[in-house]
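Peer 1: Have a peek at my_file.txt (compact mmCIF, N, CA and C atoms).
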```txt
# COMPACT_ATOMS: atom_id res chain seq x y z
N MET A 267 6.33 11.79 -41.95
CA MET A 267 6.81 11.12 -40.77
C MET A 267 5.74 11.28 -39.68
N LEU A 268 5.50 10.20 -39.00
CA LEU A 268 4.54 10.20 -37.89
C LEU A 268 5.20 10.79 -36.66
N ARG A 269 4.58 11.79 -36.12
CA ARG A 269 5.16 12.46 -34.95
C ARG A 269 4.54 11.89 -33.69
N LYS A 270 5.38 11.47 -32.78
CA LYS A 270 4.89 10.91 -31.53
C LYS A 270 4.54 12.04 -30.56
N ARG A 271 3.44 11.84 -29.85
CA ARG A 271 3.04 12.79 -28.82
C ARG A 271 2.97 12.04 -27.50
N THR A 272 3.36 12.70 -26.49
CA THR A 272 3.22 12.10 -25.16
C THR A 272 2.19 12.89 -24.39
N PHE A 273 1.49 12.18 -23.57
CA PHE A 273 0.48 12.81 -22.72
C PHE A 273 0.87 12.55 -21.28
N ARG A 274 0.75 13.56 -20.47
CA ARG A 274 1.09 13.39 -19.07
C ARG A 274 0.18 14.29 -18.24
N LEU A 275 0.11 13.95 -16.98
CA LEU A 275 -0.63 14.78 -16.05
C LEU A 275 0.31 15.81 -15.45
N ASP A 276 -0.16 17.01 -15.35
CA ASP A 276 0.60 18.05 -14.68
C ASP A 276 0.18 17.99 -13.21
N LEU A 277 0.87 17.18 -12.42
CA LEU A 277 0.47 16.94 -11.04
C LEU A 277 0.48 18.19 -10.18
N PRO A 278 1.48 19.06 -10.29
CA PRO A 278 1.40 20.30 -9.50
C PRO A 278 0.16 21.14 -9.85
N GLU A 279 -0.18 21.21 -11.12
CA GLU A 279 -1.37 21.97 -11.53
C GLU A 279 -2.65 21.26 -11.06
N LEU A 280 -2.70 19.96 -11.22
CA LEU A 280 -3.86 19.18 -10.77
C LEU A 280 -4.05 19.30 -9.26
N SER A 281 -2.97 19.40 -8.53
CA SER A 281 -3.04 19.49 -7.06
C SER A 281 -3.80 20.72 -6.58
N LYS A 282 -3.92 21.72 -7.42
CA LYS A 282 -4.67 22.92 -7.04
C LYS A 282 -6.16 22.63 -6.89
N TYR A 283 -6.63 21.54 -7.50
CA TYR A 283 -8.06 21.27 -7.57
C TYR A 283 -8.52 20.05 -6.78
N VAL A 284 -7.60 19.38 -6.11
CA VAL A 284 -7.96 18.16 -5.38
C VAL A 284 -7.50 18.24 -3.93
N ASP A 285 -8.14 17.42 -3.09
CA ASP A 285 -7.75 17.35 -1.68
C ASP A 285 -6.63 16.35 -1.45
N PHE A 286 -6.58 15.32 -2.29
CA PHE A 286 -5.54 14.29 -2.20
C PHE A 286 -5.43 13.60 -3.55
N VAL A 287 -4.37 12.84 -3.73
CA VAL A 287 -4.17 12.06 -4.95
C VAL A 287 -4.02 10.60 -4.54
N ALA A 288 -4.75 9.72 -5.23
CA ALA A 288 -4.68 8.28 -4.97
C ALA A 288 -4.26 7.57 -6.25
N THR A 289 -3.29 6.69 -6.13
CA THR A 289 -2.88 5.90 -7.29
C THR A 289 -3.06 4.42 -6.98
N PRO A 290 -3.80 3.70 -7.82
CA PRO A 290 -3.88 2.26 -7.66
C PRO A 290 -2.63 1.63 -8.31
N LEU A 291 -1.77 1.07 -7.50
CA LEU A 291 -0.55 0.44 -8.01
C LEU A 291 -0.73 -1.08 -7.90
N TYR A 292 -1.46 -1.62 -8.86
CA TYR A 292 -1.75 -3.05 -8.88
C TYR A 292 -0.70 -3.75 -9.72
N MET A 293 -0.01 -4.67 -9.13
CA MET A 293 1.02 -5.40 -9.84
C MET A 293 1.35 -6.68 -9.08
N ASP A 294 2.29 -7.43 -9.56
CA ASP A 294 2.79 -8.59 -8.83
C ASP A 294 3.74 -8.05 -7.78
N TYR A 295 3.38 -8.21 -6.52
CA TYR A 295 4.18 -7.65 -5.45
C TYR A 295 5.31 -8.57 -5.01
N GLY A 296 5.57 -9.63 -5.77
CA GLY A 296 6.70 -10.50 -5.46
C GLY A 296 8.01 -9.76 -5.58
N ILE A 297 8.06 -8.80 -6.48
CA ILE A 297 9.22 -7.91 -6.64
C ILE A 297 8.64 -6.50 -6.62
N VAL A 298 9.09 -5.68 -5.69
CA VAL A 298 8.47 -4.36 -5.49
C VAL A 298 9.29 -3.22 -6.09
N TYR A 299 10.20 -3.55 -6.96
CA TYR A 299 11.06 -2.55 -7.59
C TYR A 299 10.24 -1.46 -8.29
N TRP A 300 9.28 -1.86 -9.14
CA TRP A 300 8.49 -0.88 -9.87
C TRP A 300 7.56 -0.10 -8.96
N LEU A 301 7.05 -0.74 -7.94
CA LEU A 301 6.22 -0.05 -6.96
C LEU A 301 7.04 1.07 -6.30
N ASP A 302 8.26 0.75 -5.93
CA ASP A 302 9.15 1.73 -5.31
C ASP A 302 9.39 2.92 -6.24
N ILE A 303 9.69 2.65 -7.48
CA ILE A 303 9.97 3.72 -8.45
C ILE A 303 8.74 4.58 -8.68
N LEU A 304 7.59 3.96 -8.95
CA LEU A 304 6.37 4.72 -9.23
C LEU A 304 5.94 5.56 -8.03
N ALA A 305 5.94 4.95 -6.85
CA ALA A 305 5.54 5.68 -5.65
C ALA A 305 6.47 6.86 -5.39
N ASN A 306 7.74 6.65 -5.57
CA ASN A 306 8.73 7.72 -5.37
C ASN A 306 8.48 8.87 -6.35
N CYS A 307 8.24 8.54 -7.61
CA CYS A 307 8.01 9.58 -8.62
C CYS A 307 6.76 10.39 -8.29
N PHE A 308 5.68 9.72 -7.91
CA PHE A 308 4.48 10.46 -7.55
C PHE A 308 4.73 11.33 -6.32
N ARG A 309 5.37 10.77 -5.31
CA ARG A 309 5.59 11.52 -4.07
C ARG A 309 6.37 12.80 -4.32
N ARG A 310 7.38 12.73 -5.18
CA ARG A 310 8.21 13.90 -5.46
C ARG A 310 7.44 15.01 -6.16
N LYS A 311 6.40 14.65 -6.91
CA LYS A 311 5.65 15.64 -7.68
C LYS A 311 4.45 16.21 -6.93
N LEU A 312 4.07 15.59 -5.81
CA LEU A 312 2.84 15.98 -5.13
C LEU A 312 3.08 16.82 -3.89
N THR A 313 2.20 17.77 -3.70
CA THR A 313 2.21 18.55 -2.46
C THR A 313 1.00 18.20 -1.60
N LYS A 314 0.04 17.52 -2.18
CA LYS A 314 -1.18 17.11 -1.46
C LYS A 314 -0.96 15.74 -0.83
N PRO A 315 -1.83 15.36 0.12
CA PRO A 315 -1.73 14.01 0.68
C PRO A 315 -1.79 12.97 -0.44
N TYR A 316 -1.00 11.92 -0.28
CA TYR A 316 -0.84 10.89 -1.31
C TYR A 316 -1.28 9.55 -0.75
N PHE A 317 -2.23 8.92 -1.41
CA PHE A 317 -2.73 7.60 -1.04
C PHE A 317 -2.27 6.60 -2.09
N ILE A 318 -1.77 5.46 -1.64
CA ILE A 318 -1.42 4.37 -2.55
C ILE A 318 -2.37 3.22 -2.29
N GLU A 319 -2.96 2.73 -3.35
CA GLU A 319 -3.89 1.61 -3.25
C GLU A 319 -3.18 0.34 -3.73
N LEU A 320 -3.14 -0.67 -2.87
CA LEU A 320 -2.56 -1.96 -3.21
C LEU A 320 -3.69 -2.98 -3.36
N TYR A 321 -3.59 -3.84 -4.34
CA TYR A 321 -4.65 -4.82 -4.58
C TYR A 321 -4.44 -6.06 -3.72
N ALA A 322 -5.45 -6.37 -2.92
CA ALA A 322 -5.40 -7.54 -2.05
C ALA A 322 -6.55 -8.49 -2.34
N GLY A 323 -7.14 -8.36 -3.51
CA GLY A 323 -8.31 -9.17 -3.87
C GLY A 323 -7.94 -10.52 -4.45
N HIS A 324 -8.85 -11.05 -5.24
CA HIS A 324 -8.68 -12.39 -5.80
C HIS A 324 -8.22 -12.27 -7.26
N PRO A 325 -7.26 -13.01 -7.72
CA PRO A 325 -6.44 -13.92 -6.93
C PRO A 325 -5.50 -13.14 -6.03
N ARG A 326 -5.52 -13.50 -4.78
CA ARG A 326 -4.79 -12.76 -3.77
C ARG A 326 -3.32 -13.13 -3.77
N GLN A 327 -2.51 -12.11 -3.60
CA GLN A 327 -1.07 -12.28 -3.50
C GLN A 327 -0.74 -12.94 -2.16
N PRO A 328 0.36 -13.63 -2.05
CA PRO A 328 0.77 -14.13 -0.73
C PRO A 328 0.95 -12.97 0.25
N SER A 329 0.60 -13.20 1.51
CA SER A 329 0.68 -12.15 2.53
C SER A 329 2.08 -11.56 2.62
N LYS A 330 3.11 -12.38 2.44
CA LYS A 330 4.48 -11.88 2.53
C LYS A 330 4.78 -10.90 1.40
N HIS A 331 4.21 -11.12 0.24
CA HIS A 331 4.40 -10.19 -0.87
C HIS A 331 3.67 -8.88 -0.59
N LEU A 332 2.44 -8.99 -0.06
CA LEU A 332 1.70 -7.77 0.29
C LEU A 332 2.40 -7.00 1.40
N ALA A 333 3.00 -7.71 2.34
CA ALA A 333 3.75 -7.05 3.42
C ALA A 333 4.91 -6.27 2.84
N SER A 334 5.59 -6.84 1.87
CA SER A 334 6.71 -6.16 1.22
C SER A 334 6.23 -4.91 0.50
N ALA A 335 5.12 -5.03 -0.22
CA ALA A 335 4.56 -3.87 -0.92
C ALA A 335 4.10 -2.82 0.07
N PHE A 336 3.52 -3.24 1.19
CA PHE A 336 3.06 -2.33 2.24
C PHE A 336 4.23 -1.54 2.81
N ALA A 337 5.35 -2.22 3.07
CA ALA A 337 6.53 -1.55 3.61
C ALA A 337 7.05 -0.49 2.63
N VAL A 338 7.10 -0.83 1.36
CA VAL A 338 7.59 0.12 0.35
C VAL A 338 6.62 1.29 0.21
N ALA A 339 5.34 0.99 0.07
CA ALA A 339 4.34 2.04 -0.14
C ALA A 339 4.28 2.99 1.04
N SER A 340 4.46 2.47 2.24
CA SER A 340 4.36 3.32 3.43
C SER A 340 5.49 4.34 3.51
N LYS A 341 6.59 4.11 2.78
CA LYS A 341 7.68 5.09 2.75
C LYS A 341 7.25 6.37 2.04
N TYR A 342 6.32 6.25 1.11
CA TYR A 342 5.96 7.37 0.25
C TYR A 342 4.55 7.92 0.49
N ALA A 343 3.64 7.06 0.92
CA ALA A 343 2.23 7.44 1.01
C ALA A 343 1.86 7.97 2.39
N ASP A 344 0.90 8.87 2.39
CA ASP A 344 0.32 9.31 3.64
C ASP A 344 -0.67 8.25 4.14
N THR A 345 -1.26 7.52 3.21
CA THR A 345 -2.19 6.44 3.53
C THR A 345 -2.00 5.32 2.53
N VAL A 346 -2.01 4.07 3.01
CA VAL A 346 -1.98 2.90 2.13
C VAL A 346 -3.32 2.20 2.27
N VAL A 347 -3.95 1.93 1.15
CA VAL A 347 -5.26 1.29 1.12
C VAL A 347 -5.11 -0.09 0.50
N PHE A 348 -5.60 -1.11 1.21
CA PHE A 348 -5.68 -2.45 0.62
C PHE A 348 -7.04 -2.57 -0.03
N SER A 349 -7.05 -2.75 -1.32
CA SER A 349 -8.29 -2.81 -2.07
C SER A 349 -8.69 -4.26 -2.31
N THR A 350 -9.93 -4.57 -2.01
CA THR A 350 -10.48 -5.89 -2.29
C THR A 350 -11.98 -5.75 -2.45
N TYR A 351 -12.59 -6.66 -3.12
CA TYR A 351 -14.03 -6.58 -3.35
C TYR A 351 -14.83 -7.41 -2.35
N GLN A 352 -14.15 -8.10 -1.45
CA GLN A 352 -14.84 -8.91 -0.44
C GLN A 352 -14.24 -8.63 0.94
N ALA A 353 -15.12 -8.33 1.88
CA ALA A 353 -14.66 -8.02 3.24
C ALA A 353 -13.94 -9.20 3.87
N ASN A 354 -14.36 -10.43 3.56
CA ASN A 354 -13.70 -11.58 4.19
C ASN A 354 -12.25 -11.72 3.74
N LEU A 355 -11.92 -11.28 2.53
CA LEU A 355 -10.52 -11.29 2.09
C LEU A 355 -9.70 -10.29 2.89
N ALA A 356 -10.28 -9.13 3.14
CA ALA A 356 -9.58 -8.11 3.93
C ALA A 356 -9.37 -8.61 5.37
N ARG A 357 -10.40 -9.23 5.95
CA ARG A 357 -10.25 -9.75 7.31
C ARG A 357 -9.20 -10.85 7.38
N ARG A 358 -9.17 -11.72 6.38
CA ARG A 358 -8.18 -12.80 6.36
C ARG A 358 -6.76 -12.23 6.23
N LEU A 359 -6.61 -11.20 5.39
CA LEU A 359 -5.31 -10.56 5.26
C LEU A 359 -4.89 -9.91 6.57
N GLN A 360 -5.81 -9.21 7.23
CA GLN A 360 -5.49 -8.61 8.53
C GLN A 360 -5.05 -9.68 9.52
N HIS A 361 -5.77 -10.79 9.56
CA HIS A 361 -5.42 -11.87 10.49
C HIS A 361 -4.02 -12.41 10.20
N GLU A 362 -3.74 -12.69 8.94
CA GLU A 362 -2.44 -13.25 8.57
C GLU A 362 -1.30 -12.28 8.89
N MET A 363 -1.50 -11.01 8.57
CA MET A 363 -0.43 -10.05 8.81
C MET A 363 -0.23 -9.79 10.30
N ALA A 364 -1.31 -9.83 11.08
CA ALA A 364 -1.21 -9.55 12.51
C ALA A 364 -0.63 -10.72 13.29
N THR A 365 -0.79 -11.94 12.79
CA THR A 365 -0.39 -13.12 13.57
C THR A 365 0.82 -13.86 13.04
N ASP A 366 1.28 -13.53 11.85
CA ASP A 366 2.43 -14.24 11.27
C ASP A 366 3.72 -13.63 11.83
N PRO A 367 4.48 -14.40 12.63
CA PRO A 367 5.71 -13.86 13.22
C PRO A 367 6.74 -13.42 12.19
N SER A 368 6.79 -14.09 11.04
CA SER A 368 7.79 -13.71 10.03
C SER A 368 7.45 -12.35 9.41
N ILE A 369 6.17 -12.03 9.30
CA ILE A 369 5.78 -10.72 8.77
C ILE A 369 6.13 -9.64 9.78
N ARG A 370 5.86 -9.90 11.06
CA ARG A 370 6.23 -8.94 12.10
C ARG A 370 7.75 -8.70 12.09
N GLN A 371 8.51 -9.77 11.97
CA GLN A 371 9.96 -9.65 11.96
C GLN A 371 10.41 -8.84 10.74
N PHE A 372 9.77 -9.06 9.61
CA PHE A 372 10.07 -8.31 8.39
C PHE A 372 9.93 -6.81 8.63
N PHE A 373 8.81 -6.40 9.25
CA PHE A 373 8.59 -4.98 9.53
C PHE A 373 9.54 -4.45 10.60
N GLU A 374 9.84 -5.26 11.59
CA GLU A 374 10.78 -4.85 12.64
C GLU A 374 12.16 -4.58 12.06
N GLU A 375 12.63 -5.47 11.18
CA GLU A 375 13.96 -5.32 10.57
C GLU A 375 14.05 -4.06 9.73
N ARG A 376 12.93 -3.59 9.21
CA ARG A 376 12.92 -2.41 8.35
C ARG A 376 12.52 -1.14 9.10
N GLY A 377 12.31 -1.27 10.39
CA GLY A 377 11.96 -0.10 11.20
C GLY A 377 10.60 0.49 10.88
N CYS A 378 9.67 -0.35 10.48
CA CYS A 378 8.32 0.10 10.11
C CYS A 378 7.44 0.15 11.36
N ASN A 379 7.74 1.08 12.25
CA ASN A 379 7.06 1.14 13.54
C ASN A 379 5.58 1.46 13.42
N GLU A 380 5.20 2.33 12.50
CA GLU A 380 3.78 2.65 12.34
C GLU A 380 2.99 1.42 11.88
N ILE A 381 3.59 0.62 11.01
CA ILE A 381 2.91 -0.59 10.55
C ILE A 381 2.79 -1.58 11.70
N LEU A 382 3.83 -1.70 12.51
CA LEU A 382 3.77 -2.61 13.66
C LEU A 382 2.67 -2.18 14.64
N GLU A 383 2.51 -0.87 14.84
CA GLU A 383 1.43 -0.38 15.70
C GLU A 383 0.06 -0.74 15.11
N LEU A 384 -0.06 -0.63 13.80
CA LEU A 384 -1.30 -1.00 13.13
C LEU A 384 -1.58 -2.49 13.32
N LEU A 385 -0.56 -3.32 13.14
CA LEU A 385 -0.73 -4.76 13.33
C LEU A 385 -1.13 -5.08 14.76
N ASP A 386 -0.55 -4.38 15.73
CA ASP A 386 -0.94 -4.57 17.13
C ASP A 386 -2.42 -4.26 17.32
N GLY A 387 -2.88 -3.19 16.70
CA GLY A 387 -4.30 -2.83 16.80
C GLY A 387 -5.19 -3.89 16.18
N TRP A 388 -4.77 -4.42 15.03
CA TRP A 388 -5.55 -5.49 14.38
C TRP A 388 -5.62 -6.71 15.28
N GLU A 389 -4.48 -7.05 15.90
CA GLU A 389 -4.43 -8.23 16.77
C GLU A 389 -5.33 -8.04 17.99
N ILE A 390 -5.29 -6.87 18.60
CA ILE A 390 -6.14 -6.59 19.77
C ILE A 390 -7.61 -6.67 19.38
N LYS A 391 -7.95 -6.08 18.24
CA LYS A 391 -9.34 -6.11 17.76
C LYS A 391 -9.79 -7.55 17.51
N GLU A 392 -8.92 -8.32 16.92
CA GLU A 392 -9.24 -9.72 16.62
C GLU A 392 -9.48 -10.51 17.90
N ARG A 393 -8.63 -10.30 18.91
CA ARG A 393 -8.81 -10.98 20.18
C ARG A 393 -10.13 -10.59 20.84
N ALA A 394 -10.47 -9.30 20.78
CA ALA A 394 -11.71 -8.82 21.40
C ALA A 394 -12.93 -9.41 20.70
N GLU A 395 -12.87 -9.54 19.38
CA GLU A 395 -14.01 -10.09 18.63
C GLU A 395 -14.18 -11.57 18.87
N SER A 396 -13.11 -12.26 19.20
CA SER A 396 -13.20 -13.71 19.41
C SER A 396 -13.73 -14.07 20.79
N LEU A 397 -13.84 -13.10 21.70
CA LEU A 397 -14.34 -13.35 23.05
C LEU A 397 -15.84 -13.52 23.08
```
What would the structure in this file look like if it were written as structure tokens?
Peer 2:
Amino acid sequence: MLRKRTFRLDLPELSKYVDFVATPLYMDYGIVYWLDILANCFRRKLTKPYFIELYAGHPRQPSKHLASAFAVASKYADTVVFSTYQANLARRLQHEMATDPSIRQFFEERGCNEILELLDGWEIKERAESL
């Protein structure tokens, strides 16, 4: 009989040797159920700072989907990183998230005050650069 073996990381033991843990959670952010589950599981096992990396590259997800993933990830992560291979994609995402009233309303309804402060900073920076 073939015996199955499982392999897993011992996160508490690994935490002794690292300054932080980062997980790239790349998926379709149209439904954030799995993101919520995975982020929660990692957060419960970690004592070190936890970074969640969300993919914002090409093909890029709709901004509303990324906003939903951002809201979920921010519940668990000490830092959320939007990963992309082109700076112009990151700037476009910042612009869309900072200026889209429906995205702001989405964060307001969920009490994501830190994200709203971040969006305010992006908007101020964008205005200053356009002068």
Peer 1: When you count only N, CA and C atoms, which of these residues is closest to A:Leu384: A:Pro278, A:Phe348, A:Ala288, A:Ala364?
Peer 2: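 Result for the nearest residue to A:Leu384: A:Ala364.
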Peer 1: For a test of reading the model, state the distance in Å between atom CA of A:Phe373 and atom CA of A:Phe317, rounded to one decimal.
Peer 2: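 About the pair atom CA of A:Phe373 and atom CA of A:Phe317: they are 20.0 Å apart.
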Peer 1: Quick one: pull the distance between atom C of A:Gln327 and atom CA of A:Gly296, Å, one decimal.
Peer 2: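 Between atom C of A:Gln327 and atom CA of A:Gly296 the gap is 8.5 Å.
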Peer 1: DSSP on the backbone: what in stretch 271-354 of chain A comes out helix (DSSP H, G or I), as number ranges by chain?
Peer 2: A: 277-283, 299-311, 329-342, 353-354
Peer 1: Need the shell around A:Val346: protein/DNA/RNA residues with any atom at most 8 Å away, counting only N, CA and C atoms. Skip same-chain ones fewer than 6 positions apart. Format as a list in words?
Peer 2: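 Counting only the stated atoms, we get Tyr316, Phe317, Ile318, Glu319, Leu320, Phe336, Ala339 and Ser340 of chain A.
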Peer 1: Between atom N of A:Lys311 and atom C of A:Asp276, measure the distance and give it in Å to one decimal.
Peer 2: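 Interatomic distance here is 9.5 Å.
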Peer 1: Go through A:Ser396, A:Met293, A:Arg274, A:Asn306 one by one, measure the shortest atom-to-atom distance of each to A:Lys341 using all atoms listed in the file, and give the residue with the smallest value.
Peer 2: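 Looking only at the distances to A:Lys341, the closest residue turns out to be A:Asn306.
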Peer 1: Could you pull out the strand (DSSP E) residues of stretch 271-396 of chain A, going by DSSP on the backbone, and write them as a list of chain:residue names?
Peer 2: A:Val287, A:Ala288, A:Thr289, A:Pro290, A:Tyr316, A:Phe317, A:Ile318, A:Glu319, A:Leu320, A:Tyr321, A:Thr345, A:Val346, A:Val347, A:Phe348, A:Ser349
Peer 1: Using only C-alpha atoms, which of A:Leu397, A:Val287, A:Leu301, A:Ala322 sits nearest A:Tyr351?
Peer 2: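 Once distances to A:Tyr351 are computed over only C-alpha atoms, the minimum belongs to A:Ala322.
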Peer 1: Which of these residues is nearest to A:Met363, using only N, CA and C atoms: A:Cys378, A:Trp388, A:Tyr283, A:Gly323?
Peer 2: A:Trp388
